[in-house]
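Enquirer: Quick one, coords-v7.cif (mmCIF, C-alpha atoms and all ligand atoms):
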```cif
data_upload
loop_
_atom_site.label_atom_id
_atom_site.label_comp_id
_atom_site.auth_asym_id
_atom_site.auth_seq_id
_atom_site.Cartn_x
_atom_site.Cartn_y
_atom_site.Cartn_z
CA MET A 515 125.74 153.19 11.74
CA PRO A 516 124.16 156.64 11.53
CA SER A 517 124.09 157.14 15.29
CA GLU A 518 127.91 156.96 15.34
CA ILE A 519 128.26 159.88 12.94
CA ALA A 520 129.35 163.09 14.65
CA ALA A 521 126.63 165.70 14.15
CA ARG A 522 129.11 168.20 12.68
CA ASP A 523 130.25 165.70 10.05
CA ARG A 524 126.74 165.38 8.63
CA LEU A 525 127.01 168.60 6.65
CA ILE A 526 129.06 168.13 3.48
CA VAL A 527 129.75 171.39 1.66
CA ALA A 528 130.12 171.00 -2.11
CA LEU A 529 133.15 172.99 -3.28
CA ASP A 530 131.60 173.63 -6.70
CA LEU A 531 134.13 176.30 -7.55
CA PRO A 532 136.28 176.91 -10.64
CA GLY A 533 139.73 176.41 -9.17
CA VAL A 534 141.99 175.79 -6.22
CA GLY A 535 142.29 179.49 -5.31
CA PRO A 536 138.55 180.09 -4.81
CA ALA A 537 138.22 176.69 -3.10
CA GLU A 538 141.01 177.44 -0.62
CA ALA A 539 139.52 180.87 0.07
CA MET A 540 136.12 179.25 0.77
CA ILE A 541 137.69 176.62 3.06
CA THR A 542 139.44 179.39 5.01
CA ARG A 543 136.21 181.41 5.32
CA LEU A 544 134.30 178.38 6.56
CA GLY A 545 136.96 177.53 9.16
CA ASP A 546 135.82 175.05 11.78
CA SER A 547 132.15 175.45 10.82
CA VAL A 548 132.64 172.74 8.21
CA THR A 549 134.43 169.40 8.65
CA PHE A 550 133.42 167.64 5.42
CA TYR A 551 133.84 168.82 1.82
CA LYS A 552 132.78 167.46 -1.54
CA ILE A 553 135.00 167.80 -4.60
CA GLY A 554 133.29 167.09 -7.90
CA TYR A 555 134.09 167.29 -11.61
CA GLN A 556 134.47 171.07 -11.76
CA LEU A 557 137.14 171.43 -9.09
CA ALA A 558 138.77 168.03 -9.61
CA PHE A 559 139.40 168.75 -13.30
CA ALA A 560 140.65 172.25 -12.49
CA GLY A 561 143.58 171.01 -10.43
CA GLY A 562 141.60 170.35 -7.26
CA LEU A 563 142.44 166.72 -6.55
CA PRO A 564 145.53 167.53 -4.43
CA LEU A 565 143.12 169.38 -2.14
CA VAL A 566 141.84 165.96 -1.03
CA ARG A 567 145.23 165.17 0.52
CA GLN A 568 145.59 168.70 1.86
CA LEU A 569 142.18 168.69 3.53
CA ALA A 570 142.69 165.19 4.93
CA ALA A 571 146.04 166.29 6.40
CA ALA A 572 144.22 169.21 8.05
CA GLY A 573 141.81 166.78 9.72
CA LYS A 574 138.88 167.34 7.34
CA LYS A 575 136.95 164.68 5.49
CA VAL A 576 136.54 164.68 1.71
CA PHE A 577 133.87 163.22 -0.52
CA ALA A 578 135.37 162.67 -3.99
CA ASP A 579 132.28 162.87 -6.20
CA LEU A 580 133.90 161.35 -9.28
CA LYS A 581 131.08 158.95 -10.24
CA LEU A 582 133.38 156.24 -11.61
CA HIS A 583 132.18 153.70 -14.17
CA ASP A 584 134.48 151.63 -16.39
CA ILE A 585 135.74 148.06 -16.72
CA GLY A 586 136.40 146.47 -13.33
CA ASN A 587 140.20 146.64 -13.46
CA THR A 588 140.17 150.33 -14.33
CA VAL A 589 137.67 151.12 -11.59
CA ALA A 590 139.73 149.17 -9.05
CA ARG A 591 142.96 151.01 -9.88
CA GLY A 592 141.15 154.35 -9.75
CA VAL A 593 139.65 153.51 -6.38
CA GLU A 594 143.10 152.63 -5.02
CA SER A 595 144.43 156.01 -6.13
CA VAL A 596 141.52 157.90 -4.57
CA ALA A 597 141.94 155.90 -1.33
CA ALA A 598 145.64 156.84 -1.28
CA LEU A 599 144.66 160.53 -1.42
CA GLY A 600 142.87 160.08 1.90
CA ALA A 601 139.29 160.59 0.72
CA THR A 602 136.44 159.39 2.94
CA PHE A 603 133.73 158.92 0.29
CA LEU A 604 133.91 158.14 -3.42
CA THR A 605 130.95 157.79 -5.77
CA VAL A 606 130.58 155.11 -8.45
CA HIS A 607 127.63 154.42 -10.72
CA ALA A 608 125.52 151.53 -9.41
CA TYR A 609 126.42 148.90 -12.02
CA PRO A 610 127.16 145.50 -10.51
CA GLN A 611 130.67 145.07 -12.01
CA THR A 612 131.64 148.59 -11.09
CA MET A 613 130.40 148.28 -7.51
CA LYS A 614 132.09 144.90 -7.04
CA ALA A 615 135.44 146.21 -8.28
CA ALA A 616 135.18 149.36 -6.16
CA VAL A 617 134.26 147.55 -2.95
CA GLU A 618 137.10 145.04 -3.36
CA ALA A 619 139.63 147.77 -4.15
CA ARG A 620 138.76 149.93 -1.14
CA ALA A 621 139.32 147.04 1.32
CA GLY A 622 141.78 147.93 4.04
CA SER A 623 141.56 151.67 3.38
CA GLY A 624 139.49 154.34 5.11
CA LEU A 625 137.53 154.96 1.91
CA LYS A 626 133.80 154.28 1.69
CA ILE A 627 132.09 153.64 -1.64
CA LEU A 628 128.80 155.40 -2.37
CA ALA A 629 126.63 154.21 -5.25
CA VAL A 630 124.65 156.60 -7.41
CA THR A 631 121.51 154.60 -8.21
CA VAL A 632 119.82 156.69 -10.90
CA LEU A 633 120.85 160.28 -11.58
CA THR A 634 118.13 162.54 -10.21
CA SER A 635 117.92 164.40 -13.51
CA TYR A 636 116.65 161.18 -15.16
CA ASP A 637 112.93 160.45 -15.35
CA ASP A 638 111.16 157.41 -16.84
CA ASP A 639 111.35 158.83 -20.38
CA ASP A 640 115.07 159.51 -20.11
CA LEU A 641 115.64 155.95 -18.94
CA GLN A 642 113.61 154.54 -21.81
CA ALA A 643 115.60 156.67 -24.26
CA ALA A 644 118.76 155.20 -22.71
CA GLY A 645 117.48 151.68 -23.33
CA TYR A 646 116.09 150.79 -19.92
CA ARG A 647 112.72 149.16 -19.44
CA LEU A 648 112.28 149.96 -15.75
CA ALA A 649 110.67 153.06 -14.31
CA ALA A 650 113.11 155.30 -12.41
CA SER A 651 111.71 154.35 -8.99
CA ASP A 652 111.97 150.62 -9.76
CA LEU A 653 115.50 151.01 -11.05
CA VAL A 654 116.50 152.96 -7.91
CA GLU A 655 115.13 150.12 -5.79
CA ALA A 656 116.77 147.35 -7.84
CA ARG A 657 120.13 149.10 -7.80
CA ALA A 658 119.90 149.87 -4.08
CA ARG A 659 119.36 146.17 -3.41
CA GLN A 660 122.29 145.24 -5.65
CA ALA A 661 124.48 147.82 -3.93
CA GLN A 662 123.62 146.38 -0.54
CA ALA A 663 124.30 142.84 -1.75
CA GLN A 664 127.69 143.95 -3.09
CA GLY A 665 128.73 145.45 0.25
CA VAL A 666 128.62 149.06 -0.96
CA ASP A 667 128.91 151.46 1.99
CA GLY A 668 126.23 153.97 1.08
CA LEU A 669 123.89 155.49 -1.47
CA VAL A 670 123.46 158.94 -2.92
CA CYS A 671 119.76 159.68 -3.17
CA SER A 672 117.30 162.52 -3.27
CA PRO A 673 115.85 163.47 0.13
CA GLU A 674 112.47 162.24 -1.15
CA GLU A 675 113.90 158.75 -1.66
CA ALA A 676 115.61 158.65 1.75
CA ALA A 677 112.71 157.39 3.87
CA GLY A 678 111.82 154.56 1.46
CA LEU A 679 115.44 153.50 1.01
CA ARG A 680 116.07 153.60 4.74
CA LYS A 681 113.18 151.18 5.25
CA MET A 682 114.52 148.93 2.53
CA ILE A 683 118.21 148.83 3.45
CA GLY A 684 118.04 149.31 7.23
CA HIS A 685 120.94 151.09 8.93
CA GLN A 686 123.87 149.26 7.36
CA MET A 687 124.39 151.82 4.61
CA ASP A 688 124.86 155.58 4.73
CA LEU A 689 122.33 157.71 2.87
CA VAL A 690 123.81 160.89 1.42
CA THR A 691 121.37 163.44 0.04
CA PRO A 692 121.90 166.52 -2.15
CA GLY A 693 118.92 168.72 -3.03
CA ILE A 694 118.97 170.42 0.36
CA ARG A 695 117.63 173.93 0.72
CA PRO A 696 117.35 175.80 4.04
CA VAL A 697 114.11 177.80 4.31
CA GLY A 698 114.41 180.98 2.25
CA SER A 699 117.27 179.90 -0.03
CA ALA A 700 116.91 179.71 -3.82
CA ALA A 701 116.16 176.29 -5.30
CA GLY A 702 118.30 176.96 -8.37
CA ASP A 703 118.03 173.97 -10.72
CA GLN A 704 117.13 171.52 -7.93
CA LYS A 705 113.55 170.31 -8.30
CA ARG A 706 112.95 167.94 -5.40
CA ILE A 707 114.27 169.81 -2.39
CA MET A 708 113.99 169.45 1.37
CA THR A 709 115.15 171.51 4.33
CA PRO A 710 118.09 170.13 6.33
CA ALA A 711 115.82 169.23 9.27
CA ARG A 712 113.30 167.37 7.12
CA ALA A 713 116.01 165.45 5.26
CA ILE A 714 117.56 164.29 8.56
CA SER A 715 114.11 163.29 9.84
CA ALA A 716 113.51 161.36 6.60
CA GLY A 717 116.59 159.25 7.33
CA ALA A 718 119.45 161.04 5.58
CA ASP A 719 122.81 160.54 7.30
CA TYR A 720 124.72 163.22 5.40
CA LEU A 721 123.49 166.36 3.63
CA VAL A 722 125.34 167.71 0.61
CA VAL A 723 124.90 171.47 0.33
CA GLY A 724 126.50 173.63 -2.33
CA ARG A 725 125.10 176.96 -3.40
CA PRO A 726 123.14 177.78 -0.21
CA VAL A 727 126.55 177.93 1.52
CA ILE A 728 129.13 178.88 -1.10
CA ASP A 729 126.97 181.56 -2.75
CA ALA A 730 125.78 183.04 0.56
CA ALA A 731 126.84 186.58 1.45
CA ASP A 732 128.21 185.06 4.65
CA PRO A 733 129.06 181.39 3.95
CA ARG A 734 130.16 180.71 7.50
CA ALA A 735 126.88 182.00 8.95
CA ALA A 736 124.97 179.90 6.39
CA ALA A 737 126.93 176.77 7.37
CA ASP A 738 126.46 177.48 11.09
CA ALA A 739 122.70 177.83 10.58
CA ILE A 740 122.56 174.44 8.81
CA GLN A 741 124.68 172.83 11.55
CA ALA A 742 122.27 174.20 14.16
CA GLU A 743 119.28 172.87 12.21
CA ILE A 744 120.90 169.42 11.93
CA LEU A 745 121.58 169.35 15.69
CA GLN A 746 117.99 170.29 16.40
CA ALA A 747 116.65 167.59 14.07
CA LEU A 748 118.80 164.97 15.81
CA ALA A 749 117.69 165.99 19.31
O1 LIG A 801 124.37 173.77 -5.06
P1 LIG A 801 123.63 172.53 -4.64
O2 LIG A 801 123.32 172.49 -3.15
O3 LIG A 801 122.43 172.24 -5.50
O4 LIG A 801 124.71 171.39 -4.90
C1 LIG A 801 124.42 170.03 -4.76
C2 LIG A 801 125.62 169.22 -5.07
O5 LIG A 801 125.23 167.86 -5.07
C3 LIG A 801 126.23 169.48 -6.44
O6 LIG A 801 127.65 169.30 -6.31
C4 LIG A 801 125.65 168.42 -7.33
O7 LIG A 801 126.51 168.01 -8.35
C5 LIG A 801 125.48 167.26 -6.34
N1 LIG A 801 124.45 166.31 -6.72
C6 LIG A 801 123.12 166.65 -6.92
N2 LIG A 801 122.21 165.68 -7.26
C7 LIG A 801 122.60 164.44 -7.40
C8 LIG A 801 123.94 164.08 -7.20
C9 LIG A 801 124.84 165.05 -6.86
O8 LIG A 801 122.74 167.79 -6.76
N3 LIG A 801 121.71 163.52 -7.70
#
```
Re-express the file's structure as structure tokens.
Ligand code: C5P
Expert:
Amino acid sequence: MPSEIAARDRLIVALDLPGVGPAEAMITRLGDSVTFYKIGYQLAFAGGLPLVRQLAAAGKKVFADLKLHDIGNTVARGVESVAALGATFLTVHAYPQTMKAAVEARAGSGLKILAVTVLTSYDDDDLQAAGYRLAASDLVEARARQAQAQGVDGLVCSPEEAAGLRKMIGHQMDLVTPGIRPVGSAAGDQKRIMTPARAISAGADYLVVGRPVIDAADPRAAADAIQAEILQALA
């Protein structure tokens, strides 16, 4: 339940960095300002997966953003390996077989499965080109309902989707939102952005923030400012 989440754990800093050296340097700079990190394709495929174990041993939480999707048996074995690393969150694509396999395989571990409903870079035309007949918003809703029915622990969604999804799924699932931009920071390639405070008010449980922290002149100050904004929004 969202109310049980420690305020400091709601900020997840995306370690979108090219290797273990820069990632470790960033983790050291951020110190106790950040308790939760996300490791995605870039770092994971550059030798970063052992960092999951290292961070977990240091008392931090890790979101392995690996967006798994394969036949059920392969997904299940992958999920077991990620659980053994000590990760807290793992993403899978929101296909029924994939979600079912992932949820079954994480049983008994501390790992939570997050479903990616529809990638936020996809619009209705992209979906049609990929062979889907549903509009993006309808597919998000259908997949969110399937995820809930499968016992998936949470959803990755844009901050704009958070309020609607929260209404639909209640408080059983965690909503994790990227696309967060503190006032005054560059949007970069993100199109549908929200400030940390607005995203929390919209119902997001966790905020994923990359460049506004890791590209800041003072990453620790940037993280502290977001933590303060989250605290204020929760008050
Ligand atoms: O740098 P920025 O704050 O935009 O980073 C956001 C992070 O969230 C990136 O690691 C990106 O891959 C991830 N993400 C996203 N949109 C999604 C899913 C994940 O921006 N729909």
Enquirer: What is the CA of Gly554 in chain A-CA of Lys681 in chain A distance in Å, reported with one decimal?
Expert: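 Going from CA of Gly554 in chain A over to CA of Lys681 in chain A, I get 28.8 Å.
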Enquirer: List the neighbours of Leu531 in chain A out to 7 Å using all atoms listed in the file; skip same-chain residues closer than 2 positions along the sequence, and give me the result as a list in words.
Expert: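 Those residues are Leu529, Gly533, Pro536, Ala537, Gln556 and Leu557 of chain A.
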Enquirer: Include C-alpha atoms and write out the residues we just selected as a CSV table (one decimal), in the coordinates of the input.
Expert:
```csv
chain,number,residue,atom,x,y,z
A,529,LEU,CA,133.2,173.0,-3.3
A,533,GLY,CA,139.7,176.4,-9.2
A,536,PRO,CA,138.6,180.1,-4.8
A,537,ALA,CA,138.2,176.7,-3.1
A,556,GLN,CA,134.5,171.1,-11.8
A,557,LEU,CA,137.1,171.4,-9.1
```
Enquirer: Please find the residues contacting ligand LIG 801 (chain A) at a distance of at most 8 Å between atoms, with only C-alpha atoms and all ligand atoms counted, and report them as JSON, numbers by chain.
Expert: {"A": [528, 529, 530, 552, 553, 554, 579, 630, 632, 633, 634, 635, 670, 671, 672, 691, 692, 693, 694, 695, 701, 702, 703, 704, 722, 723, 724, 725, 726, 727]}
Enquirer: Need to verify the contact set: Tyr720 in chain A, 6 Å, only C-alpha atoms, exclusion of same-chain residues closer than 3 positions in sequence. Can you return it as a list in words?
Expert: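 My list of contacting residues is Arg524, Leu525 and Val690 of chain A.
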Enquirer: Tell me which protein, DNA and RNA residues are within 7 Å of range 538-549 of chain A, counting all atoms listed in the file, leaving out same-chain ones fewer than 3 positions away, and put them as number ranges by chain.
Expert: A: 522-523, 534-535, 574-575, 733-734, 737-738
Enquirer: Return the single residue from A:Thr588, A:Gln662, A:Gln568, A:Gln686 that is closest to Pro610 in chain A, with distances computed using all atoms listed in the file.
Expert: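 So, comparing all the options, the nearest one is A:Gln662.
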Enquirer: Show me, as JSON, the centre and edge lengths in Å to one decimal of the axis-aligned box that covers every listed atom of range 694-701 of chain A with 5 Å on each side.
Expert:
```
{"center_x": 116.5, "center_y": 175.7, "center_z": -0.5, "size_x": 14.9, "size_y": 20.6, "size_z": 19.6}
```
Enquirer: Let me make sure I understand: among A:Gly624, A:Thr631, A:Thr612, A:Leu689, which one has the smallest atom-to-atom distance to Gln664 in chain A if we use all atoms listed in the file?
Expert: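 Of the candidates, the smallest distance to Gln664 in chain A is held by A:Thr612.
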Enquirer: CA of Lys614 in chain A and CA of Ala658 in chain A are how many Å apart?
Expert: 13.5 Å
Enquirer: Go through A:Gln642, A:Thr709, A:Thr602, A:Ser595 one by one, measure the shortest atom-to-atom distance of each to Val697 in chain A using only C-alpha atoms, and give the residue with the smallest value.
Expert: A:Thr709
Enquirer: Choose the residue, out of A:Ala644, A:Leu569, A:Leu748, A:Ala598, that has the smallest atom-to-atom separation from Gly622 in chain A; count only C-alpha atoms.
Expert: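 Nearest to Gly622 in chain A: A:Ala598.
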Enquirer: Using all atoms listed in the file, which residue out of A:Ala616, A:Ala590, A:Ala643, A:Leu628 lies closest to Ala578 in chain A?
Expert: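 So, comparing all the options, the nearest one is A:Leu628.
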Enquirer: Give me the residues within 9 Å of Ala711 in chain A as a list of chain:residue names, counting all atoms listed in the file and dropping any in the same chain fewer than 3 places off.
Expert: A:Pro696, A:Met708, A:Ile714, A:Ser715, A:Ala716, A:Ile740, A:Glu743, A:Ile744, A:Leu745, A:Gln746, A:Ala747, A:Leu748
Enquirer: Keeping C-alpha atoms, export the residues of the selection given above as a CSV table (one decimal), in the coordinates of the input.
Expert:
```
chain,number,residue,atom,x,y,z
A,696,PRO,CA,117.4,175.8,4.0
A,708,MET,CA,114.0,169.4,1.4
A,714,ILE,CA,117.6,164.3,8.6
A,715,SER,CA,114.1,163.3,9.8
A,716,ALA,CA,113.5,161.4,6.6
A,740,ILE,CA,122.6,174.4,8.8
A,743,GLU,CA,119.3,172.9,12.2
A,744,ILE,CA,120.9,169.4,11.9
A,745,LEU,CA,121.6,169.4,15.7
A,746,GLN,CA,118.0,170.3,16.4
A,747,ALA,CA,116.6,167.6,14.1
A,748,LEU,CA,118.8,165.0,15.8
```
Enquirer: Between A:Val606, A:Leu721, A:Pro710, A:Met682, which is the closest to Val666 in chain A once you count only C-alpha atoms?
Expert: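 Among the listed residues, A:Val606 lies closest to Val666 in chain A.
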Enquirer: In Å, how far is it from CA of Ala649 in chain A to CA of Thr605 in chain A?
Expert: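 CA of Thr605 in chain A lies at a distance of 22.5 Å from CA of Ala649 in chain A.
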Enquirer: Taking (140.1, 149.2, -3.9) in the file's coordinates, which residues come within 6 Å, counting all atoms listed in the file, written as a PyMOL selection string?
Expert: chain A and resi 590+593-594+616+618-621
